[in-house]
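Have a look at entry38.txt below; it lists compact mmCIF, C-alpha atoms.
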# COMPACT_ATOMS: atom_id res chain seq x y z
CA MET A 1 109.28 99.07 102.97
CA GLU A 2 111.17 98.29 106.12
CA GLN A 3 109.76 95.34 108.00
CA LYS A 4 108.90 96.03 111.60
CA THR A 5 108.77 92.40 112.64
CA ARG A 6 111.77 90.27 111.75
CA ILE A 7 112.26 86.55 112.05
CA ALA A 8 115.69 84.95 112.14
CA ALA A 9 115.45 81.21 111.58
CA GLU A 10 118.80 79.76 110.67
CA ASP A 11 118.79 76.60 108.64
CA GLY A 12 119.18 73.39 110.62
CA LYS A 13 118.71 75.01 114.04
CA GLN A 14 115.94 74.29 116.54
CA GLU A 15 115.44 77.91 117.51
CA LEU A 16 114.25 81.16 116.06
CA VAL A 17 114.38 84.80 117.04
CA ILE A 18 111.53 87.24 116.52
CA THR A 19 112.32 90.93 116.94
CA ARG A 20 110.02 93.90 116.79
CA GLU A 21 110.37 97.59 117.55
CA PHE A 22 107.37 99.43 118.96
CA ASP A 23 106.36 103.08 119.05
CA LEU A 24 105.61 102.55 122.72
CA PRO A 25 107.45 103.17 125.97
CA VAL A 26 108.76 99.85 127.31
CA GLU A 27 106.34 100.05 130.28
CA LEU A 28 103.33 100.00 127.94
CA LEU A 29 104.78 97.20 125.85
CA PHE A 30 105.30 95.15 128.99
CA ARG A 31 101.78 95.88 130.22
CA ALA A 32 100.41 94.32 127.03
CA TYR A 33 101.92 91.05 128.25
CA VAL A 34 100.74 91.10 131.85
CA GLU A 35 97.20 92.52 131.95
CA PRO A 36 94.74 89.76 131.04
CA ASP A 37 92.15 92.01 129.37
CA ILE A 38 94.85 93.55 127.15
CA VAL A 39 96.39 90.16 126.31
CA GLU A 40 92.91 89.00 125.28
CA GLN A 41 92.55 91.91 122.87
CA TRP A 42 95.75 91.56 120.88
CA MET A 43 96.26 87.81 121.10
CA GLY A 44 92.61 87.17 120.25
CA THR A 45 92.38 84.62 123.01
CA LYS A 46 90.59 84.12 126.31
CA VAL A 47 92.85 84.31 129.36
CA LEU A 48 91.85 81.64 131.88
CA LYS A 49 94.85 82.14 134.11
CA LEU A 50 97.86 84.47 134.10
CA GLU A 51 100.18 84.52 137.09
CA ASN A 52 102.92 87.02 136.39
CA LYS A 53 105.61 85.78 138.73
CA LYS A 54 108.39 83.29 139.09
CA HIS A 55 106.89 79.77 139.31
CA GLY A 56 103.60 81.16 138.02
CA GLY A 57 101.55 79.68 135.22
CA TYR A 58 99.21 80.76 132.47
CA GLN A 59 96.37 79.26 130.50
CA PHE A 60 94.76 80.65 127.33
CA GLU A 61 91.83 79.39 125.33
CA THR A 62 90.95 80.32 121.76
CA THR A 63 87.64 79.56 120.08
CA ASP A 64 87.46 79.36 116.29
CA PRO A 65 84.42 80.55 114.28
CA LYS A 66 83.06 77.00 114.34
CA GLY A 67 83.14 76.93 118.13
CA ASN A 68 86.11 74.58 118.48
CA LYS A 69 88.26 75.39 121.47
CA TYR A 70 92.06 75.36 121.47
CA GLY A 71 94.02 75.44 124.68
CA PHE A 72 97.48 76.89 125.31
CA HIS A 73 99.38 76.88 128.53
CA GLY A 74 102.79 77.21 130.09
CA VAL A 75 104.73 78.05 133.20
CA ILE A 76 106.58 81.26 133.96
CA HIS A 77 110.17 80.67 134.92
CA ASP A 78 111.41 84.16 135.33
CA PHE A 79 109.64 87.46 135.56
CA THR A 80 111.35 90.86 135.77
CA PRO A 81 108.97 93.80 135.13
CA ASN A 82 109.80 95.85 132.02
CA GLN A 83 112.77 93.58 131.29
CA LYS A 84 112.09 89.94 130.76
CA ILE A 85 109.76 86.98 130.88
CA THR A 86 111.06 83.44 130.54
CA ARG A 87 108.30 80.91 130.00
CA THR A 88 107.26 77.68 128.36
CA PHE A 89 104.48 77.43 125.80
CA GLU A 90 102.50 74.41 124.77
CA MET A 91 99.61 73.92 122.38
CA GLU A 92 97.26 71.37 123.89
CA ASN A 93 96.09 68.33 121.92
CA THR A 94 98.62 68.77 119.15
CA PRO A 95 101.67 66.70 118.25
CA PHE A 96 103.82 69.73 119.06
CA SER A 97 105.98 69.51 122.11
CA VAL A 98 106.47 72.29 124.62
CA GLN A 99 108.72 75.20 123.58
CA LEU A 100 110.89 77.49 125.67
CA GLU A 101 110.54 81.25 125.20
CA PHE A 102 112.86 84.04 126.33
CA LEU A 103 111.15 87.41 126.02
CA GLU A 104 113.34 90.47 126.42
CA PHE A 105 111.93 93.96 126.65
CA GLU A 106 114.24 96.85 125.96
CA GLN A 107 113.81 100.59 126.15
CA LEU A 108 115.16 102.29 123.02
CA THR A 109 114.06 105.87 123.69
CA GLU A 110 111.45 107.29 126.02
CA ASP A 111 108.77 106.50 123.48
CA THR A 112 110.12 103.46 121.68
CA SER A 113 110.98 99.94 122.74
CA LYS A 114 112.08 96.62 121.38
CA LEU A 115 110.94 93.07 122.01
CA THR A 116 113.21 90.10 121.34
CA MET A 117 111.57 86.71 121.47
CA HIS A 118 113.98 83.79 121.45
CA VAL A 119 112.11 80.51 121.00
CA ILE A 120 113.63 77.06 121.37
CA TYR A 121 111.89 73.97 120.03
CA ARG A 122 112.38 70.31 120.80
CA SER A 123 113.89 69.54 117.39
CA VAL A 124 114.82 71.16 114.08
CA ALA A 125 111.94 69.32 112.39
CA GLN A 126 109.46 70.64 114.93
CA ARG A 127 110.62 74.22 114.50
CA ASP A 128 110.24 73.92 110.74
CA GLN A 129 106.74 72.51 111.18
CA VAL A 130 105.70 75.39 113.42
CA LEU A 131 107.13 77.85 110.88
CA GLN A 132 105.04 76.26 108.17
CA LEU A 133 101.80 76.19 110.18
CA PRO A 134 100.39 79.49 108.88
CA PHE A 135 101.74 78.64 105.44
CA ALA A 136 99.93 75.29 105.39
CA LYS A 137 96.80 77.01 106.66
CA GLY A 138 97.04 79.52 103.83
CA ILE A 139 97.28 76.75 101.27
CA ASN A 140 94.33 74.90 102.79
CA MET A 141 92.27 78.05 102.78
CA ALA A 142 93.06 78.64 99.11
CA HIS A 143 92.23 75.03 98.44
CA ASN A 144 88.89 75.29 100.23
CA ARG A 145 88.04 78.44 98.34
CA ILE A 146 88.72 76.67 95.04
CA GLN A 147 86.54 73.78 96.14
CA ASP A 148 83.75 76.17 97.11
CA LEU A 149 83.92 77.80 93.70
CA LEU A 150 83.93 74.45 91.94
CA SER A 151 80.97 73.14 93.90
CA LYS A 152 78.98 76.25 92.98
CA LEU A 153 79.73 75.66 89.32
CA LYS A 154 78.38 72.12 89.47
CA MET B 155 101.03 74.22 93.87
CA ASN B 156 102.55 70.83 93.22
CA LEU B 157 105.75 72.44 92.07
CA ARG B 158 105.92 74.47 95.24
CA ARG B 159 105.61 71.40 97.41
CA ASP B 160 108.41 69.79 95.46
CA VAL B 161 110.65 72.73 96.22
CA PHE B 162 110.11 72.23 99.94
CA GLN B 163 110.77 68.54 99.67
CA ALA B 164 113.94 69.43 97.84
CA ILE B 165 115.23 71.69 100.58
CA ALA B 166 114.13 69.33 103.36
CA ASP B 167 117.22 67.23 102.63
CA PRO B 168 120.42 68.37 104.41
CA THR B 169 122.76 67.37 101.57
CA ARG B 170 120.71 69.33 99.08
CA ARG B 171 120.71 72.34 101.38
CA ALA B 172 124.49 72.03 101.63
CA ILE B 173 124.73 71.92 97.82
CA LEU B 174 122.65 75.09 97.54
CA LEU B 175 124.91 76.84 100.04
CA LEU B 176 127.97 75.69 98.13
CA VAL B 177 126.85 77.06 94.76
CA ALA B 178 125.30 80.18 96.27
CA THR B 179 128.47 82.19 95.69
CA GLN B 180 129.91 80.60 92.54
CA SER B 181 129.03 78.28 89.66
CA MET B 182 130.49 74.78 90.04
CA THR B 183 130.71 71.57 88.04
CA ALA B 184 129.11 68.37 89.35
CA GLY B 185 132.60 67.01 90.04
CA ALA B 186 133.63 70.03 92.09
CA ILE B 187 130.40 69.85 94.07
CA ALA B 188 130.76 66.10 94.69
CA ALA B 189 134.31 66.64 95.95
CA ASN B 190 132.80 68.43 98.97
CA PHE B 191 130.82 65.40 100.10
CA ASP B 192 131.63 61.93 101.36
CA THR B 193 128.53 60.68 99.56
CA ALA B 194 128.97 58.57 96.41
CA ARG B 195 129.11 60.56 93.19
CA PRO B 196 125.85 59.08 91.75
CA THR B 197 124.04 60.18 94.92
CA VAL B 198 125.27 63.73 94.46
CA SER B 199 124.21 63.57 90.81
CA LYS B 200 120.73 62.51 91.90
CA HIS B 201 120.54 65.48 94.31
CA LEU B 202 121.66 67.83 91.52
CA GLN B 203 119.00 66.39 89.26
CA ILE B 204 116.26 66.97 91.84
CA LEU B 205 117.45 70.53 92.53
CA THR B 206 117.55 71.25 88.79
CA GLU B 207 114.10 69.75 88.21
CA CYS B 208 112.49 72.00 90.77
CA GLU B 209 114.41 74.96 89.31
CA LEU B 210 116.48 75.75 92.38
CA LEU B 211 119.60 75.12 90.29
CA GLU B 212 120.29 76.12 86.72
CA GLN B 213 122.80 74.62 84.32
CA ASP B 214 125.28 76.44 82.10
CA GLN B 215 127.16 74.67 79.35
CA ASN B 216 130.74 75.91 79.23
CA GLY B 217 132.68 73.94 76.62
CA ARG B 218 132.43 70.32 77.67
CA GLU B 219 131.65 71.16 81.28
CA ILE B 220 128.26 71.79 82.82
CA TYR B 221 128.26 74.39 85.57
CA TYR B 222 125.54 74.61 88.18
CA HIS B 223 124.43 77.89 89.67
CA ILE B 224 121.64 78.95 91.96
CA ASN B 225 118.34 80.29 90.63
CA ALA B 226 117.91 83.37 92.81
CA LYS B 227 114.30 83.91 91.81
CA LYS B 228 113.26 80.45 92.92
CA MET B 229 115.26 80.76 96.11
CA LYS B 230 113.35 83.90 96.96
CA GLU B 231 110.10 81.98 96.64
CA VAL B 232 111.44 79.50 99.18
CA ALA B 233 112.56 82.26 101.52
CA ASP B 234 109.02 83.56 101.32
CA PHE B 235 107.69 80.43 103.00
CA ILE B 236 108.56 82.01 106.34
CA GLU B 237 106.55 85.08 105.31
CA PRO B 238 103.09 83.88 106.50
CA PHE B 239 104.58 83.17 109.94
CA ARG B 240 106.23 86.60 110.03
CA LYS B 241 103.01 88.22 108.84
CA MET B 242 101.04 86.48 111.60
CA TRP B 243 103.32 87.97 114.26
CA ASP B 244 103.45 91.33 112.51
CA ASP B 245 99.63 91.54 112.54
CA ARG B 246 99.54 90.57 116.21
CA PHE B 247 102.18 93.15 117.17
CA ASN B 248 100.46 95.86 115.09
CA LYS B 249 97.32 95.18 117.08
CA LEU B 250 99.25 95.32 120.35
CA GLU B 251 100.78 98.65 119.34
CA ALA B 252 97.43 100.16 118.32
CA ILE B 253 95.79 99.05 121.58
CA MET B 254 98.59 100.32 123.80
CA LYS B 255 98.71 103.70 122.04
CA LYS B 256 95.22 104.29 123.43
CA TYR B 257 96.53 103.70 126.93
CA LYS B 258 99.28 106.16 126.25
CA THR B 259 96.85 109.00 125.56
CA LYS B 260 94.74 108.06 128.59
CA LYS B 261 97.63 108.73 130.92

This structure in structure tokens:
Amino acid sequence: MEQKTRIAAEDGKQELVITREFDLPVELLFRAYVEPDIVEQWMGTKVLKLENKKHGGYQFETTDPKGNKYGFHGVIHDFTPNQKITRTFEMENTPFSVQLEFLEFEQLTEDTSKLTMHVIYRSVAQRDQVLQLPFAKGINMAHNRIQDLLSKLK
Amino acid sequence: MNLRRDVFQAIADPTRRAILLLVATQSMTAGAIAANFDTARPTVSKHLQILTECELLEQDQNGREIYYHINAKKMKEVADFIEPFRKMWDDRFNKLEAIMKKYKTKK
């Protein structure tokens, strides 16, 4: 099956490129990035602040099932409706440094569009760590499940 | 799971990554591989040993020479480590698409 979301992460580089084609007009795709209530739905996060303009800023907050809160924030460097957003992104209270994101929105046809997300990290090592985050989480989850099973057997 | 972690430790080293790239297209002897690096020959041998142990490289005896070639199956497993990250974004974007399609019909 053809993959809709692609990730290009060249070895030894501190950047990666995420591309995705949508069955949506570019205007709707862009709206998903600027309207707080829509962002909340697909990102699964609370939007505390979202200023869609040059020199604007944003602040998100996610709560996990245990009630722990995780903050994310950044500043918006460049904002051109239906074309591009250039912004920084930082996970609060983590060892990860801020990252720079170039989001480009492109109209393919009247009903389809493409998003290119070019992300630059502070170092190669940091990029590789971010790439492995969901992987590590997956392993931990599997590990926890095994532990749960084992403790029930006891 | 231990084996898997070893594979990632193996590819975390730049020289070992360079070796993998080198033998990706053709089988090579240890000597031919070492000739591509400034590193001392025993160091290269050690890298080859590690890569062979975690099954990223396979050996072929050809007369008196041992040729190293890449184990494509194992390499695919490594390539898959990016898959959870890709899947995370794919899920997110699928959600975005589904939500926005509703707005499309509202118009």

Margin query: Distance limit 8 Å, atoms considered: all atoms listed in the file. Which chain A residues sit that close to chain B? Return them as a ChimeraX atom specification.
Written below: /A:4-7,20,22-24,28-29,32,38,41-43,131-135,138

Atoms kept (C-alpha atoms) for selection, written as a compact mmCIF listing (two decimals), in the frame of the given file:
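File written: out-v7.txt
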# COMPACT_ATOMS: atom_id res chain seq x y z
CA LYS A 4 108.90 96.03 111.60
CA THR A 5 108.77 92.40 112.64
CA ARG A 6 111.77 90.27 111.75
CA ILE A 7 112.26 86.55 112.05
CA ARG A 20 110.02 93.90 116.79
CA PHE A 22 107.37 99.43 118.96
CA ASP A 23 106.36 103.08 119.05
CA LEU A 24 105.61 102.55 122.72
CA LEU A 28 103.33 100.00 127.94
CA LEU A 29 104.78 97.20 125.85
CA ALA A 32 100.41 94.32 127.03
CA ILE A 38 94.85 93.55 127.15
CA GLN A 41 92.55 91.91 122.87
CA TRP A 42 95.75 91.56 120.88
CA MET A 43 96.26 87.81 121.10
CA LEU A 131 107.13 77.85 110.88
CA GLN A 132 105.04 76.26 108.17
CA LEU A 133 101.80 76.19 110.18
CA PRO A 134 100.39 79.49 108.88
CA PHE A 135 101.74 78.64 105.44
CA GLY A 138 97.04 79.52 103.83

Checklist line | Distance criterion (all atoms listed in the file): nearest to Phe96 in chain A out of A:Gln3, A:Gln129, A:Asn52, A:Thr109 | finding: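 Ranking A:Gln3, A:Gln129, A:Asn52, A:Thr109 by distance to Phe96 in chain A, first place goes to A:Gln129.
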
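Candidate residues A:Glu15, A:Arg127, A:Asp64, A:Lys54 were compared for distance to His77 in chain A, and the nearest is A:Lys54, using only C-alpha atoms.
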
Check: Can you tell me how far CA of Ser97 in chain A sits from CA of Val130 in chain A, in Å to one decimal?
Finding: 10.5 Å

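We find CA of Leu210 in chain B and CA of Leu16 in chain A to be spaced 24.4 Å apart.
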
Checklist line | Selected residue, from A:Gln126, A:Ile85, A:Thr63, A:Lys114, that lies nearest to Val98 in chain A when counting all atoms listed in the file | finding: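 Under the stated criterion, the closest residue is A:Gln126.
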
Note to self: From the options B:Ala188, B:Met182, B:Leu202, B:Val177, which residue's atoms come nearest to Ile224 in chain B, counting only C-alpha atoms?
What the structure shows: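 Checking each candidate against Ile224 in chain B, we get B:Val177 as the closest.
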
Note to self: Quick check, in Å to one decimal: how far apart do CA of Ala226 in chain B and CA of Thr206 in chain B lie?
What the structure shows: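 It comes out at 12.8 Å.
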
Next item on the list: Would you list the residues near (124.5, 78.8, 99.9), meaning any protein, DNA or RNA residue with an atom at most 12 Å from that point in file coordinates, counting only C-alpha atoms, as number ranges by chain?
Entry: A: 11; B: 165, 169-181, 210-211, 223-226, 229

Next item on the list: Have a look at B:Pro196, B:Lys256, B:Ala164, B:Lys230 and name the one nearest to Cys208 in chain B; count only C-alpha atoms.
Entry: B:Ala164

Next item on the list: Identify the residues around (115.7, 65.8, 116.4) within a radius of 12 Å, measuring from all atoms listed in the file in the coordinates stated by the file, and give them as a list in words.
Entry: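 These residues have at least one counted atom within 12 Å: Gly12, Lys13, Gln14, Ser97, Tyr121, Arg122, Ser123, Val124, Ala125, Gln126, Arg127 and Asp128 of chain A.
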
Next item on the list: Would you mind listing what lies within 6 Å of range 70-76 of chain A as an NGL selection string, with only C-alpha atoms counted and same-chain residues fewer than 4 positions away left out?
Entry: :A and (54-62 or 87-92)

Could those residues be written to a file, using C-alpha atoms, as an mmCIF file, in the frame of the given file?
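So the final result, stored in part37.cif, reads:
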data_model
loop_
_atom_site.group_PDB
_atom_site.id
_atom_site.type_symbol
_atom_site.label_atom_id
_atom_site.label_comp_id
_atom_site.auth_asym_id
_atom_site.auth_seq_id
_atom_site.Cartn_x
_atom_site.Cartn_y
_atom_site.Cartn_z
ATOM 1 C CA LYS A 54 108.390 83.290 139.090
ATOM 2 C CA HIS A 55 106.890 79.770 139.310
ATOM 3 C CA GLY A 56 103.600 81.160 138.020
ATOM 4 C CA GLY A 57 101.550 79.680 135.220
ATOM 5 C CA TYR A 58 99.210 80.760 132.470
ATOM 6 C CA GLN A 59 96.370 79.260 130.500
ATOM 7 C CA PHE A 60 94.760 80.650 127.330
ATOM 8 C CA GLU A 61 91.830 79.390 125.330
ATOM 9 C CA THR A 62 90.950 80.320 121.760
ATOM 10 C CA ARG A 87 108.300 80.910 130.000
ATOM 11 C CA THR A 88 107.260 77.680 128.360
ATOM 12 C CA PHE A 89 104.480 77.430 125.800
ATOM 13 C CA GLU A 90 102.500 74.410 124.770
ATOM 14 C CA MET A 91 99.610 73.920 122.380
ATOM 15 C CA GLU A 92 97.260 71.370 123.890
#

When you get a chance, write out N, CA and C atoms for range 25-60 of chain A, as a JSON list (two decimals), in the frame of the given file.
[["chain", "number", "residue", "atom", "x", "y", "z"],
["A", 25, "PRO", "N", 106.48, 103.27, 124.87],
["A", 25, "PRO", "CA", 107.45, 103.17, 125.97],
["A", 25, "PRO", "C", 107.49, 101.71, 126.45],
["A", 26, "VAL", "N", 108.61, 101.26, 126.94],
["A", 26, "VAL", "CA", 108.76, 99.85, 127.31],
["A", 26, "VAL", "C", 107.73, 99.43, 128.37],
["A", 27, "GLU", "N", 107.33, 100.37, 129.24],
["A", 27, "GLU", "CA", 106.34, 100.05, 130.28],
["A", 27, "GLU", "C", 105.00, 99.63, 129.66],
["A", 28, "LEU", "N", 104.61, 100.33, 128.58],
["A", 28, "LEU", "CA", 103.33, 100.00, 127.94],
["A", 28, "LEU", "C", 103.43, 98.68, 127.19],
["A", 29, "LEU", "N", 104.57, 98.46, 126.56],
["A", 29, "LEU", "CA", 104.78, 97.20, 125.85],
["A", 29, "LEU", "C", 104.69, 96.04, 126.83],
["A", 30, "PHE", "N", 105.30, 96.20, 127.98],
["A", 30, "PHE", "CA", 105.30, 95.15, 128.99],
["A", 30, "PHE", "C", 103.89, 94.90, 129.53],
["A", 31, "ARG", "N", 103.16, 96.00, 129.71],
["A", 31, "ARG", "CA", 101.78, 95.88, 130.22],
["A", 31, "ARG", "C", 100.92, 95.02, 129.32],
["A", 32, "ALA", "N", 101.19, 95.10, 128.00],
["A", 32, "ALA", "CA", 100.41, 94.32, 127.03],
["A", 32, "ALA", "C", 100.60, 92.83, 127.25],
["A", 33, "TYR", "N", 101.65, 92.46, 127.99],
["A", 33, "TYR", "CA", 101.92, 91.05, 128.25],
["A", 33, "TYR", "C", 101.42, 90.57, 129.61],
["A", 34, "VAL", "N", 101.09, 91.52, 130.50],
["A", 34, "VAL", "CA", 100.74, 91.10, 131.85],
["A", 34, "VAL", "C", 99.27, 91.33, 132.24],
["A", 35, "GLU", "N", 98.60, 92.27, 131.57],
["A", 35, "GLU", "CA", 97.20, 92.52, 131.95],
["A", 35, "GLU", "C", 96.28, 91.66, 131.10],
["A", 36, "PRO", "N", 95.56, 90.74, 131.76],
["A", 36, "PRO", "CA", 94.74, 89.76, 131.04],
["A", 36, "PRO", "C", 93.80, 90.38, 130.00],
["A", 37, "ASP", "N", 93.12, 91.47, 130.34],
["A", 37, "ASP", "CA", 92.15, 92.01, 129.37],
["A", 37, "ASP", "C", 92.86, 92.59, 128.14],
["A", 38, "ILE", "N", 94.09, 93.04, 128.31],
["A", 38, "ILE", "CA", 94.85, 93.55, 127.15],
["A", 38, "ILE", "C", 95.38, 92.38, 126.32],
["A", 39, "VAL", "N", 95.90, 91.35, 127.01],
["A", 39, "VAL", "CA", 96.39, 90.16, 126.31],
["A", 39, "VAL", "C", 95.27, 89.59, 125.43],
["A", 40, "GLU", "N", 94.05, 89.55, 126.01],
["A", 40, "GLU", "CA", 92.91, 89.00, 125.28],
["A", 40, "GLU", "C", 92.66, 89.77, 123.99],
["A", 41, "GLN", "N", 92.83, 91.09, 124.05],
["A", 41, "GLN", "CA", 92.55, 91.91, 122.87],
["A", 41, "GLN", "C", 93.52, 91.65, 121.73],
["A", 42, "TRP", "N", 94.82, 91.67, 122.02],
["A", 42, "TRP", "CA", 95.75, 91.56, 120.88],
["A", 42, "TRP", "C", 96.09, 90.13, 120.51],
["A", 43, "MET", "N", 95.99, 89.20, 121.43],
["A", 43, "MET", "CA", 96.26, 87.81, 121.10],
["A", 43, "MET", "C", 95.01, 87.12, 120.55],
["A", 44, "GLY", "N", 93.85, 87.76, 120.72],
["A", 44, "GLY", "CA", 92.61, 87.17, 120.25],
["A", 44, "GLY", "C", 92.30, 85.87, 120.96],
["A", 45, "THR", "N", 92.58, 85.84, 122.26],
["A", 45, "THR", "CA", 92.38, 84.62, 123.01],
["A", 45, "THR", "C", 91.73, 84.93, 124.35],
["A", 46, "LYS", "N", 91.15, 83.93, 124.98],
["A", 46, "LYS", "CA", 90.59, 84.12, 126.31],
["A", 46, "LYS", "C", 91.69, 83.78, 127.32],
["A", 47, "VAL", "N", 91.84, 84.60, 128.34],
["A", 47, "VAL", "CA", 92.85, 84.31, 129.36],
["A", 47, "VAL", "C", 92.16, 83.65, 130.55],
["A", 48, "LEU", "N", 92.47, 82.37, 130.77],
["A", 48, "LEU", "CA", 91.85, 81.64, 131.88],
["A", 48, "LEU", "C", 92.65, 81.85, 133.16],
["A", 49, "LYS", "N", 93.97, 81.96, 132.96],
["A", 49, "LYS", "CA", 94.85, 82.14, 134.11],
["A", 49, "LYS", "C", 96.12, 82.85, 133.65],
["A", 50, "LEU", "N", 96.60, 83.80, 134.43],
["A", 50, "LEU", "CA", 97.86, 84.47, 134.10],
["A", 50, "LEU", "C", 98.52, 84.95, 135.39],
["A", 51, "GLU", "N", 99.47, 84.18, 135.85],
["A", 51, "GLU", "CA", 100.18, 84.52, 137.09],
["A", 51, "GLU", "C", 101.56, 85.07, 136.74],
["A", 52, "ASN", "N", 101.68, 86.39, 136.81],
["A", 52, "ASN", "CA", 102.92, 87.02, 136.39],
["A", 52, "ASN", "C", 103.95, 87.02, 137.49],
["A", 53, "LYS", "N", 104.58, 85.88, 137.70],
["A", 53, "LYS", "CA", 105.61, 85.78, 138.73],
["A", 53, "LYS", "C", 106.42, 84.52, 138.50],
["A", 54, "LYS", "N", 107.56, 84.48, 139.13],
["A", 54, "LYS", "CA", 108.39, 83.29, 139.09],
["A", 54, "LYS", "C", 107.58, 82.11, 139.62],
["A", 55, "HIS", "N", 107.66, 80.98, 138.96],
["A", 55, "HIS", "CA", 106.89, 79.77, 139.31],
["A", 55, "HIS", "C", 105.39, 79.93, 139.06],
["A", 56, "GLY", "N", 105.01, 80.98, 138.36],
["A", 56, "GLY", "CA", 103.60, 81.16, 138.02],
["A", 56, "GLY", "C", 103.24, 80.38, 136.76],
["A", 57, "GLY", "N", 101.98, 80.38, 136.42],
["A", 57, "GLY", "CA", 101.55, 79.68, 135.22],
["A", 57, "GLY", "C", 100.52, 80.49, 134.45],
["A", 58, "TYR", "N", 100.25, 80.08, 133.24],
["A", 58, "TYR", "CA", 99.21, 80.76, 132.47],
["A", 58, "TYR", "C", 98.46, 79.75, 131.62],
["A", 59, "GLN", "N", 97.23, 80.13, 131.27],
["A", 59, "GLN", "CA", 96.37, 79.26, 130.50],
["A", 59, "GLN", "C", 95.49, 80.12, 129.61],
["A", 60, "PHE", "N", 95.58, 79.89, 128.29],
["A", 60, "PHE", "CA", 94.76, 80.65, 127.33],
["A", 60, "PHE", "C", 93.83, 79.68, 126.61]]
